[in-house]
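Here is model_13.cif, consisting of mmCIF, C-alpha atoms:
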```cif
data_input
loop_
_atom_site.label_atom_id
_atom_site.label_comp_id
_atom_site.auth_asym_id
_atom_site.auth_seq_id
_atom_site.Cartn_x
_atom_site.Cartn_y
_atom_site.Cartn_z
CA MET A 1 -82.61 -13.43 -108.67
CA LYS A 2 -80.83 -10.37 -107.61
CA LYS A 3 -77.57 -12.24 -107.79
CA THR A 4 -78.33 -13.39 -111.22
CA ILE A 5 -79.12 -9.86 -112.37
CA ILE A 6 -75.98 -8.62 -110.80
CA SER A 7 -73.95 -11.38 -112.43
CA VAL A 8 -75.41 -10.70 -115.84
CA THR A 9 -74.86 -7.01 -115.43
CA ALA A 10 -71.27 -7.63 -114.41
CA ILE A 11 -70.58 -9.90 -117.36
CA THR A 12 -72.22 -7.45 -119.71
CA ALA A 13 -70.25 -4.66 -118.28
CA ALA A 14 -67.15 -6.71 -118.72
CA LEU A 15 -67.97 -7.47 -122.29
CA LEU A 16 -69.15 -4.00 -123.21
CA PRO A 17 -65.69 -2.50 -123.38
CA ALA A 18 -64.61 -5.35 -125.62
CA ILE A 19 -67.62 -4.71 -127.88
CA ALA A 20 -66.94 -1.05 -127.79
CA ARG A 21 -63.29 -1.60 -128.59
CA ALA A 22 -64.25 -3.81 -131.54
CA ALA A 23 -66.60 -1.18 -132.74
CA GLU A 24 -63.94 1.40 -132.22
CA GLU A 25 -61.43 -0.58 -134.13
CA ALA A 26 -64.01 -0.95 -136.82
CA GLY A 27 -64.55 2.75 -137.11
CA ALA A 28 -61.07 3.75 -136.15
CA GLU A 29 -60.67 5.90 -139.08
CA GLU A 30 -63.26 8.31 -137.84
CA HIS A 31 -62.15 10.56 -134.97
CA GLY A 32 -63.91 9.57 -131.66
CA SER A 33 -67.10 7.69 -130.93
CA TRP A 34 -69.94 8.56 -128.55
CA LEU A 35 -70.66 4.94 -128.10
CA VAL A 36 -67.23 4.21 -126.80
CA LEU A 37 -67.50 7.07 -124.46
CA ALA A 38 -70.87 5.84 -123.31
CA CYS A 39 -69.52 2.37 -122.89
CA PHE A 40 -66.68 3.70 -120.81
CA ALA A 41 -69.05 5.69 -118.76
CA VAL A 42 -71.34 2.75 -118.21
CA ASN A 43 -68.33 0.62 -117.52
CA PHE A 44 -67.16 3.11 -115.03
CA VAL A 45 -70.51 3.32 -113.35
CA ILE A 46 -70.69 -0.44 -113.13
CA PHE A 47 -67.19 -0.50 -111.76
CA VAL A 48 -68.08 2.03 -109.23
CA GLY A 49 -71.24 0.11 -108.37
CA ILE A 50 -69.32 -3.14 -108.00
CA ILE A 51 -66.72 -1.45 -105.89
CA GLN A 52 -69.39 0.19 -103.82
CA TYR A 53 -71.31 -3.04 -103.53
CA PHE A 54 -68.38 -5.25 -102.54
CA ALA A 55 -65.88 -2.90 -100.97
CA ALA A 56 -68.11 -0.35 -99.29
CA PRO A 57 -69.06 -2.58 -96.29
CA PHE A 58 -65.42 -3.44 -95.68
CA ILE A 59 -64.32 0.15 -96.06
CA SER A 60 -67.20 1.36 -93.98
CA LYS A 61 -66.45 -1.31 -91.33
CA PHE A 62 -62.74 -0.44 -91.52
CA PHE A 63 -63.41 3.23 -90.99
CA ALA A 64 -66.01 2.51 -88.31
CA ASP A 65 -63.52 0.28 -86.51
CA ARG A 66 -60.85 2.83 -86.99
CA SER A 67 -63.15 5.53 -85.72
CA THR A 68 -64.03 3.42 -82.71
CA GLN A 69 -60.36 2.72 -82.11
CA ILE A 70 -59.47 6.39 -82.41
CA ARG A 71 -62.33 7.32 -80.12
CA GLY A 72 -61.17 4.69 -77.61
CA THR A 73 -57.65 5.99 -77.82
CA ILE A 74 -58.89 9.55 -77.40
CA SER A 75 -61.05 8.41 -74.48
CA ARG A 76 -58.12 6.63 -72.85
CA ALA A 77 -55.92 9.60 -73.48
CA GLU A 78 -58.54 11.89 -71.95
CA SER A 79 -58.90 9.54 -69.02
CA ALA A 80 -55.13 9.40 -68.58
CA PHE A 81 -55.01 13.16 -68.89
CA ALA A 82 -57.73 13.47 -66.29
CA GLN A 83 -55.86 11.11 -63.99
CA ALA A 84 -52.66 13.01 -64.57
CA GLN A 85 -54.49 16.21 -63.86
CA ASP A 86 -55.96 14.70 -60.72
CA LEU A 87 -52.54 13.48 -59.59
CA ALA A 88 -51.10 16.89 -60.34
CA ASN A 89 -53.86 18.49 -58.30
CA LYS A 90 -53.27 16.06 -55.48
CA ALA A 91 -49.52 16.67 -55.62
CA ALA A 92 -50.16 20.39 -55.51
CA ALA A 93 -52.55 19.96 -52.61
CA ARG A 94 -50.09 17.73 -50.85
CA SER A 95 -47.36 20.24 -51.40
CA ALA A 96 -49.64 22.92 -49.98
CA ASN A 97 -50.41 20.61 -47.02
CA LEU A 98 -46.72 19.98 -46.50
CA ASP A 99 -46.14 23.67 -46.26
CA ALA A 100 -48.98 23.97 -43.77
CA GLU A 101 -47.60 20.99 -41.86
CA VAL A 102 -44.17 22.58 -41.77
CA VAL A 103 -45.73 25.75 -40.41
CA THR A 104 -47.67 23.73 -37.80
CA LEU A 105 -44.53 21.85 -36.82
CA GLN A 106 -42.59 25.04 -36.50
CA LYS A 107 -45.34 26.44 -34.31
CA GLU A 108 -45.39 23.31 -32.19
CA ILE A 109 -41.61 23.39 -31.81
CA GLU A 110 -41.78 27.03 -30.78
CA ASN A 111 -44.56 26.29 -28.27
CA GLU A 112 -42.68 23.28 -26.90
CA THR A 113 -39.51 25.33 -26.61
CA GLN A 114 -41.38 28.06 -24.76
CA PHE A 115 -42.95 25.44 -22.50
CA GLN A 116 -39.60 23.80 -21.77
CA VAL A 117 -37.97 27.16 -21.11
CA LYS A 118 -40.83 28.10 -18.79
CA LYS A 119 -40.59 24.73 -17.06
CA ILE A 120 -36.85 25.09 -16.53
CA ALA A 121 -37.34 28.65 -15.34
CA ASP A 122 -40.08 27.53 -12.91
CA ALA A 123 -37.89 24.70 -11.67
CA ALA A 124 -35.03 27.11 -11.20
CA VAL A 125 -37.27 29.51 -9.30
CA ALA A 126 -38.59 26.65 -7.14
CA ALA A 127 -35.05 25.44 -6.49
CA VAL A 128 -33.97 28.90 -5.52
CA GLU A 129 -36.99 29.26 -3.22
CA ARG A 130 -36.29 25.85 -1.71
CA LEU A 131 -32.66 26.75 -1.20
CA HIS A 132 -33.73 30.02 0.32
CA THR A 133 -36.14 28.24 2.64
CA ASP A 134 -33.53 25.61 3.52
CA VAL A 135 -30.95 28.24 4.21
CA SER A 136 -33.45 30.19 6.27
CA LEU A 137 -34.51 27.10 8.23
CA THR A 138 -30.93 26.00 8.73
CA SER A 139 -29.83 29.41 9.86
CA ASN A 140 -32.83 29.64 12.19
CA ALA A 141 -32.09 26.18 13.55
CA LEU A 142 -28.44 27.05 14.01
CA ALA A 143 -29.37 30.31 15.68
CA GLU A 144 -31.84 28.52 17.96
CA ALA A 145 -29.29 25.82 18.73
CA GLY A 146 -26.74 28.50 19.51
CA GLN A 147 -29.17 30.35 21.73
CA ARG A 148 -30.12 27.10 23.44
CA ARG A 149 -26.47 26.23 23.98
CA VAL A 150 -25.77 29.68 25.35
CA ARG A 151 -28.82 29.42 27.64
CA GLU A 152 -27.74 25.98 28.79
CA GLU A 153 -24.20 27.13 29.49
CA LEU A 154 -25.52 30.22 31.21
CA ALA A 155 -27.87 28.10 33.29
CA ALA A 156 -25.06 25.68 34.13
CA VAL A 157 -22.76 28.52 35.15
CA THR A 158 -25.55 30.11 37.18
CA ALA A 159 -26.33 26.81 38.87
CA SER A 160 -22.66 26.24 39.62
CA LEU A 161 -22.37 29.70 41.13
CA ALA A 162 -25.52 29.10 43.13
CA ARG A 163 -24.11 25.80 44.42
CA ASP A 164 -20.90 27.52 45.47
CA LEU A 165 -22.85 30.30 47.12
CA ILE A 166 -25.08 27.83 48.96
CA ALA A 167 -22.08 25.76 50.04
CA ARG A 168 -20.42 28.87 51.45
CA SER A 169 -23.35 30.52 53.13
CA PHE A 170 -25.67 27.61 54.00
CA ASP A 171 -26.12 27.21 57.75
CA SER A 172 -28.32 25.35 60.20
CA SER A 173 -31.01 28.02 60.19
CA ASP A 174 -31.37 27.57 56.43
CA GLN A 175 -31.70 23.83 56.91
CA GLN A 176 -34.28 24.42 59.66
CA ARG A 177 -36.27 26.61 57.34
CA LEU A 178 -36.10 24.04 54.54
CA VAL A 179 -37.22 21.25 56.87
CA GLU A 180 -40.11 23.42 58.03
CA THR A 181 -41.11 24.12 54.47
CA PHE A 182 -40.88 20.40 53.72
CA THR A 183 -43.07 19.40 56.64
CA GLU A 184 -45.61 22.08 55.69
CA ARG A 185 -45.67 20.58 52.21
CA LEU A 186 -46.22 17.12 53.67
CA GLU A 187 -49.08 18.47 55.75
CA GLY A 188 -50.52 19.99 52.61
CA GLU A 189 -50.57 16.55 50.99
CA ARG A 190 -52.64 14.95 53.73
CA MET B 1 -34.73 -10.13 45.68
CA LYS B 2 -37.44 -8.38 47.60
CA GLY B 3 -40.17 -9.80 45.49
CA SER B 4 -38.88 -13.37 45.57
CA ARG B 5 -41.80 -15.71 46.10
CA VAL B 6 -39.54 -18.16 47.93
CA ALA B 7 -38.44 -15.44 50.35
CA LYS B 8 -42.04 -14.43 50.96
CA ARG B 9 -43.00 -18.05 51.65
CA TYR B 10 -40.21 -18.50 54.22
CA ALA B 11 -41.01 -15.14 55.82
CA ARG B 12 -44.69 -16.00 56.06
CA ALA B 13 -43.87 -19.39 57.61
CA LEU B 14 -41.63 -17.78 60.23
CA LEU B 15 -44.18 -15.09 61.02
CA GLU B 16 -46.95 -17.63 61.47
CA LEU B 17 -44.78 -19.46 64.02
CA ALA B 18 -44.13 -16.33 66.02
CA GLU B 19 -46.39 -15.04 68.75
CA ARG B 20 -47.44 -11.41 68.52
CA SER B 21 -44.98 -10.38 71.20
CA GLN B 22 -42.11 -12.15 69.46
CA VAL B 23 -42.46 -10.88 65.92
CA GLU B 24 -40.32 -7.81 66.48
CA LYS B 25 -37.58 -9.68 68.31
CA TRP B 26 -37.49 -12.39 65.65
CA GLY B 27 -37.32 -9.68 63.00
CA GLU B 28 -34.28 -8.15 64.67
CA GLU B 29 -32.60 -11.52 64.94
CA LEU B 30 -33.40 -12.27 61.32
CA ASP B 31 -31.86 -8.93 60.33
CA GLN B 32 -28.69 -9.86 62.25
CA LEU B 33 -28.50 -13.19 60.46
CA ALA B 34 -29.12 -11.51 57.09
CA ALA B 35 -26.40 -8.94 57.77
CA ILE B 36 -23.86 -11.71 58.43
CA VAL B 37 -24.95 -13.84 55.47
CA SER B 38 -24.92 -10.84 53.13
CA ASP B 39 -21.14 -10.72 53.37
CA PRO B 40 -20.07 -11.83 49.89
CA GLN B 41 -17.05 -13.85 50.99
CA LEU B 42 -19.01 -15.73 53.61
CA LEU B 43 -21.90 -16.27 51.20
CA VAL B 44 -19.57 -17.76 48.60
CA LYS B 45 -18.17 -20.17 51.17
CA LEU B 46 -21.57 -21.13 52.54
CA THR B 47 -23.08 -21.75 49.11
CA SER B 48 -20.01 -23.49 47.68
CA PRO B 49 -20.72 -26.99 46.32
CA GLU B 50 -17.44 -28.13 47.96
CA LEU B 51 -19.14 -27.74 51.34
CA SER B 52 -21.21 -30.77 52.30
CA HIS B 53 -24.84 -30.45 53.21
CA THR B 54 -24.18 -31.34 56.80
CA ALA B 55 -21.25 -28.94 57.10
CA ARG B 56 -23.35 -26.15 55.69
CA GLN B 57 -26.11 -26.77 58.22
CA GLU B 58 -23.58 -26.93 61.03
CA ALA B 59 -22.00 -23.67 59.86
CA MET B 60 -25.34 -21.89 59.81
CA GLY B 61 -26.17 -23.31 63.23
CA LYS B 62 -22.86 -22.05 64.62
CA ILE B 63 -23.37 -18.58 63.10
CA ALA B 64 -26.81 -18.39 64.70
CA GLU B 65 -25.37 -19.59 68.01
CA ARG B 66 -22.54 -17.05 67.82
CA LEU B 67 -25.13 -14.31 67.17
CA GLU B 68 -26.97 -15.54 70.24
CA LEU B 69 -30.20 -15.91 68.34
CA GLY B 70 -33.15 -17.57 69.95
CA PHE B 71 -33.80 -21.23 69.30
CA PRO B 72 -36.52 -20.60 66.72
CA LEU B 73 -34.13 -18.50 64.64
CA ARG B 74 -31.32 -21.02 65.07
CA SER B 75 -33.66 -23.71 63.77
CA PHE B 76 -34.73 -21.41 60.97
CA ALA B 77 -31.08 -20.87 59.95
CA VAL B 78 -30.48 -24.63 59.83
CA VAL B 79 -33.68 -25.22 57.84
CA VAL B 80 -32.72 -22.55 55.34
CA ALA B 81 -29.30 -24.16 54.93
CA ARG B 82 -30.87 -27.60 54.56
CA HIS B 83 -33.04 -26.34 51.68
CA GLY B 84 -30.13 -24.56 50.02
CA ARG B 85 -31.66 -21.13 50.50
CA ILE B 86 -28.84 -19.37 52.36
CA ALA B 87 -28.53 -16.77 49.63
CA GLU B 88 -32.21 -15.92 50.12
CA VAL B 89 -31.82 -14.95 53.78
CA PRO B 90 -31.51 -11.16 53.18
CA ALA B 91 -34.63 -11.27 50.98
CA ILE B 92 -36.43 -13.34 53.61
CA ALA B 93 -35.51 -10.76 56.25
CA GLU B 94 -36.86 -7.96 54.06
CA ALA B 95 -40.06 -9.85 53.29
CA TYR B 96 -40.47 -10.64 57.00
CA ARG B 97 -40.03 -6.95 57.83
CA ASP B 98 -42.71 -6.02 55.31
CA LEU B 99 -45.09 -8.63 56.72
CA VAL B 100 -44.47 -7.48 60.28
CA ASP B 101 -45.03 -3.88 59.23
CA GLN B 102 -48.30 -4.86 57.61
CA LEU B 103 -49.29 -6.85 60.70
CA LEU B 104 -48.51 -4.00 63.05
CA GLY B 105 -49.91 -1.31 60.76
CA ARG B 106 -46.71 0.63 60.20
CA ALA B 107 -44.52 1.67 57.26
CA ARG B 108 -40.87 2.38 56.67
CA ALA B 109 -39.43 5.51 55.16
CA THR B 110 -35.95 6.55 54.16
CA ILE B 111 -35.32 10.17 55.06
CA THR B 112 -32.22 11.77 53.62
CA PHE B 113 -30.99 15.11 55.01
CA ALA B 114 -28.39 17.40 53.51
CA VAL B 115 -26.75 17.88 56.91
CA GLN B 116 -26.85 15.84 60.08
CA PRO B 117 -30.41 16.26 61.37
CA THR B 118 -31.48 16.97 64.88
CA ASP B 119 -33.94 14.63 66.56
CA SER B 120 -36.60 17.24 66.29
CA ASP B 121 -36.03 17.54 62.53
CA VAL B 122 -36.45 13.78 62.12
CA ALA B 123 -39.49 13.80 64.37
CA ARG B 124 -41.14 16.57 62.40
CA VAL B 125 -40.56 14.86 59.08
CA VAL B 126 -41.75 11.53 60.48
CA ALA B 127 -44.86 13.21 61.82
CA GLY B 128 -45.54 14.70 58.41
CA LEU B 129 -45.14 11.29 56.75
CA GLU B 130 -47.35 9.62 59.33
CA GLY B 131 -49.98 12.23 58.58
CA ILE B 132 -49.93 11.14 54.95
CA ALA B 133 -49.65 7.37 55.55
CA LYS B 134 -52.02 7.29 58.50
CA LYS B 135 -49.58 4.71 59.89
CA LYS B 136 -46.65 4.69 62.24
CA ILE B 137 -43.49 5.42 60.26
CA ILE B 138 -40.20 3.73 61.03
CA PRO B 139 -37.56 6.03 59.62
CA THR B 140 -34.17 5.19 58.22
CA THR B 141 -32.17 8.37 58.39
CA MET B 142 -29.36 9.18 55.98
CA VAL B 143 -27.16 12.20 55.23
CA ASP B 144 -26.24 13.23 51.70
CA PRO B 145 -24.36 16.55 51.25
CA ALA B 146 -25.12 16.40 47.52
CA LEU B 147 -28.62 17.57 48.40
CA LEU B 148 -27.04 20.98 49.27
CA GLY B 149 -29.88 21.66 51.69
CA GLY B 150 -33.31 20.39 52.67
CA VAL B 151 -34.59 16.84 52.88
CA VAL B 152 -35.82 13.98 50.70
CA ALA B 153 -38.20 11.32 51.99
CA GLU B 154 -38.85 8.02 50.22
CA PHE B 155 -41.89 6.17 51.37
CA GLY B 156 -44.50 3.84 49.90
CA GLY B 157 -42.92 3.97 46.45
CA LYS B 158 -43.11 7.76 46.36
CA ILE B 159 -40.39 10.38 46.75
CA TYR B 160 -41.08 13.65 48.53
CA ASP B 161 -38.25 15.93 47.48
CA GLY B 162 -37.53 19.13 49.40
CA SER B 163 -33.86 19.41 48.57
CA LEU B 164 -32.06 22.49 47.24
CA ALA B 165 -30.22 20.35 44.70
CA THR B 166 -33.49 19.41 43.02
CA ARG B 167 -34.77 22.99 43.12
CA LEU B 168 -31.53 24.21 41.64
CA ALA B 169 -31.67 21.56 38.91
CA GLU B 170 -35.26 22.55 38.15
CA ALA B 171 -34.28 26.23 37.97
CA GLN B 172 -31.38 25.37 35.70
CA ARG B 173 -33.68 23.35 33.44
CA ARG B 174 -36.17 26.22 33.23
CA MET B 175 -33.42 28.72 32.54
CA ALA B 176 -32.02 26.55 29.74
CA GLY B 177 -35.52 26.53 28.24
#
```
Give the structure from this file in structure tokens form.
Amino acid sequence: MKKTIISVTAITAALLPAIARAAEEAGAEEHGSWLVLACFAVNFVIFVGIIQYFAAPFISKFFADRSTQIRGTISRAESAFAQAQDLANKAAARSANLDAEVVTLQKEIENETQFQVKKIADAAVAAVERLHTDVSLTSNALAEAGQRRVREELAAVTASLARDLIARSFDSSDQQRLVETFTERLEGER
Amino acid sequence: MKGSRVAKRYARALLELAERSQVEKWGEELDQLAAIVSDPQLLVKLTSPELSHTARQEAMGKIAERLELGFPLRSFAVVVARHGRIAEVPAIAEAYRDLVDQLLGRARATITFAVQPTDSDVARVVAGLEGIAKKKIIPTTMVDPALLGGVVAEFGGKIYDGSLATRLAEAQRRMAG
């Protein structure tokens, strides 16, 4: 029904200008006609209505789609921007961390260097002490060996002198005395 | 050689044949035989494989005869030769001496003096050793000038040293530290 009404209205609207033009041509000698104007107005309104009726959904859908598309693009752009921002933040943080890491490394290198220097110094001190001890021990040993050798030589010389002395001055009374001493010792062992 | 079991066996056999009154005499004769046999040249000849068994026995018999040993010792010399034990004779003599000493309750000692001792010196040292051993001591006296002075007695596996040389060596050792 509605379609029918719309169709009739459309046909009428289409014919109205023709009727109006005929009427206009009929009264062309007179300047202007309210009827023609009205017909044009009605025609225009119908045109607008038809356009609105048929084109509005498409236009509306087009703009809605377009709006959605633009919003999606904006959303993606915002998301990309956010990601970029995030990456930039991370890069900045990383850069800051790198600086801190460099500082830490420098500190570690300094500490290690100090430790190594101290270790080498300690080793050097220990080596010097060991050398000192070795030298001291060696010199003591050499001194003791020298003293021992001197004592031995002295003892040997003394013994040799004593032997010579005994050989020169030993007589039978000495032998008697030694035999007596020996026999007393044997008696002591009974 | 002293500890040879063979020598001890022969010595014991000879001692068991001897009467108490003969043991000393037989010991002396055995010592004479041992002294002759100990000569290296004679020992080599007597133990040579070129010499026959019979010749060896005859040689030992003649040596014993020449030494004017009693018949038991002559027989002993021949028996020793027959068993190829001529080289063991000195050890047999030593073992026999030890067994006789044990039997008669006496011991032997070697006493070394720095100078020639008087009889009284030897007697005094022997008396001292007998006091320790509680046995009669048969001394073997020697002289060694290297002792410088004093006396050294060796007896029963022990050495009793009273020499100046040892004292001097001890003093030298102490002085050397």
Counting all atoms listed in the file, give me one row per residue of chain A with an atom at most 6 Å from an atom of chain B, showing the shortest contact pair and its distance in Å to one decimal, sorted by chain then residue number, as JSON lines.
```
{"residue": "A:Arg151", "atom": "CA", "partner": "B:Ala176", "partner_atom": "CA", "distance": 4.8}
{"residue": "A:Glu152", "atom": "CA", "partner": "B:Ala176", "partner_atom": "CA", "distance": 4.4}
{"residue": "A:Ala155", "atom": "CA", "partner": "B:Gln172", "partner_atom": "CA", "distance": 5.1}
{"residue": "A:Gln175", "atom": "CA", "partner": "B:Gly150", "partner_atom": "CA", "distance": 5.7}
{"residue": "A:Leu178", "atom": "CA", "partner": "B:Gly150", "partner_atom": "CA", "distance": 5.0}
{"residue": "A:Val179", "atom": "CA", "partner": "B:Gly150", "partner_atom": "CA", "distance": 5.8}
{"residue": "A:Phe182", "atom": "CA", "partner": "B:Gly162", "partner_atom": "CA", "distance": 5.6}
{"residue": "A:Thr183", "atom": "CA", "partner": "B:Gly128", "partner_atom": "CA", "distance": 5.6}
{"residue": "A:Leu186", "atom": "CA", "partner": "B:Gly128", "partner_atom": "CA", "distance": 5.4}
{"residue": "A:Glu187", "atom": "CA", "partner": "B:Gly128", "partner_atom": "CA", "distance": 5.8}
{"residue": "A:Arg190", "atom": "CA", "partner": "B:Ile132", "partner_atom": "CA", "distance": 4.8}
```
* Asked: Contacts of region 81-87 of chain B at 9 Å or less, counting all atoms listed in the file, minus same-chain residues fewer than 6 places along, as a PyMOL selection string?
  -> chain B and resi 6-7+37-38+43+46-47+53-54+56-61
* Asked: If you measure from CA of Leu165 (chain A) to CA of Leu147 (chain B), what distance in Å do you get, rounded to one decimal?
  -> 14.0 Å
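With CA of Arg97 (chain B) on one side and CA of Gly27 (chain B) on the other, the separation reads 6.4 Å.
Reported to one decimal place, the separation of CA of Leu30 (chain B) from CA of Val143 (chain B) is 26.0 Å.
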* **Nearby residues (all atoms listed in the file) at most 12 Å from Ala13 (chain B), same-chain spacing under 4 positions excluded, as JSON, numbers by chain** => {"B": [6, 7, 8, 9, 17, 18, 23, 72, 76, 79, 80, 92, 95, 96, 99]}
* Using all atoms listed in the file, give me every residue within 7 Å of (-44.7, 0.9, 66.2) in file coordinates, as a VMD selection string. => chain B and resid 104 106 136
For the structure provided, state which residues fall under the PyMOL selection byres ((chain B and resi 34) around 9), and present them as a tab-separated table (two decimals) with C-alpha atoms, in the frame of the given file.
```tsv
chain	number	residue	atom	x	y	z
B	29	GLU	CA	-32.60	-11.52	64.94
B	30	LEU	CA	-33.40	-12.27	61.32
B	31	ASP	CA	-31.86	-8.93	60.33
B	32	GLN	CA	-28.69	-9.86	62.25
B	33	LEU	CA	-28.50	-13.19	60.46
B	35	ALA	CA	-26.40	-8.94	57.77
B	36	ILE	CA	-23.86	-11.71	58.43
B	37	VAL	CA	-24.95	-13.84	55.47
B	38	SER	CA	-24.92	-10.84	53.13
B	39	ASP	CA	-21.14	-10.72	53.37
B	88	GLU	CA	-32.21	-15.92	50.12
B	89	VAL	CA	-31.82	-14.95	53.78
B	90	PRO	CA	-31.51	-11.16	53.18
B	91	ALA	CA	-34.63	-11.27	50.98
B	92	ILE	CA	-36.43	-13.34	53.61
B	93	ALA	CA	-35.51	-10.76	56.25
```
* To do: Within 8 Å of Gly105 (chain B), counting only C-alpha atoms, which residues show up once you throw out same-chain ones fewer than 3 positions away? Write them as a VMD selection string, please.
  => chain B and resid 101 to 102 135 to 136
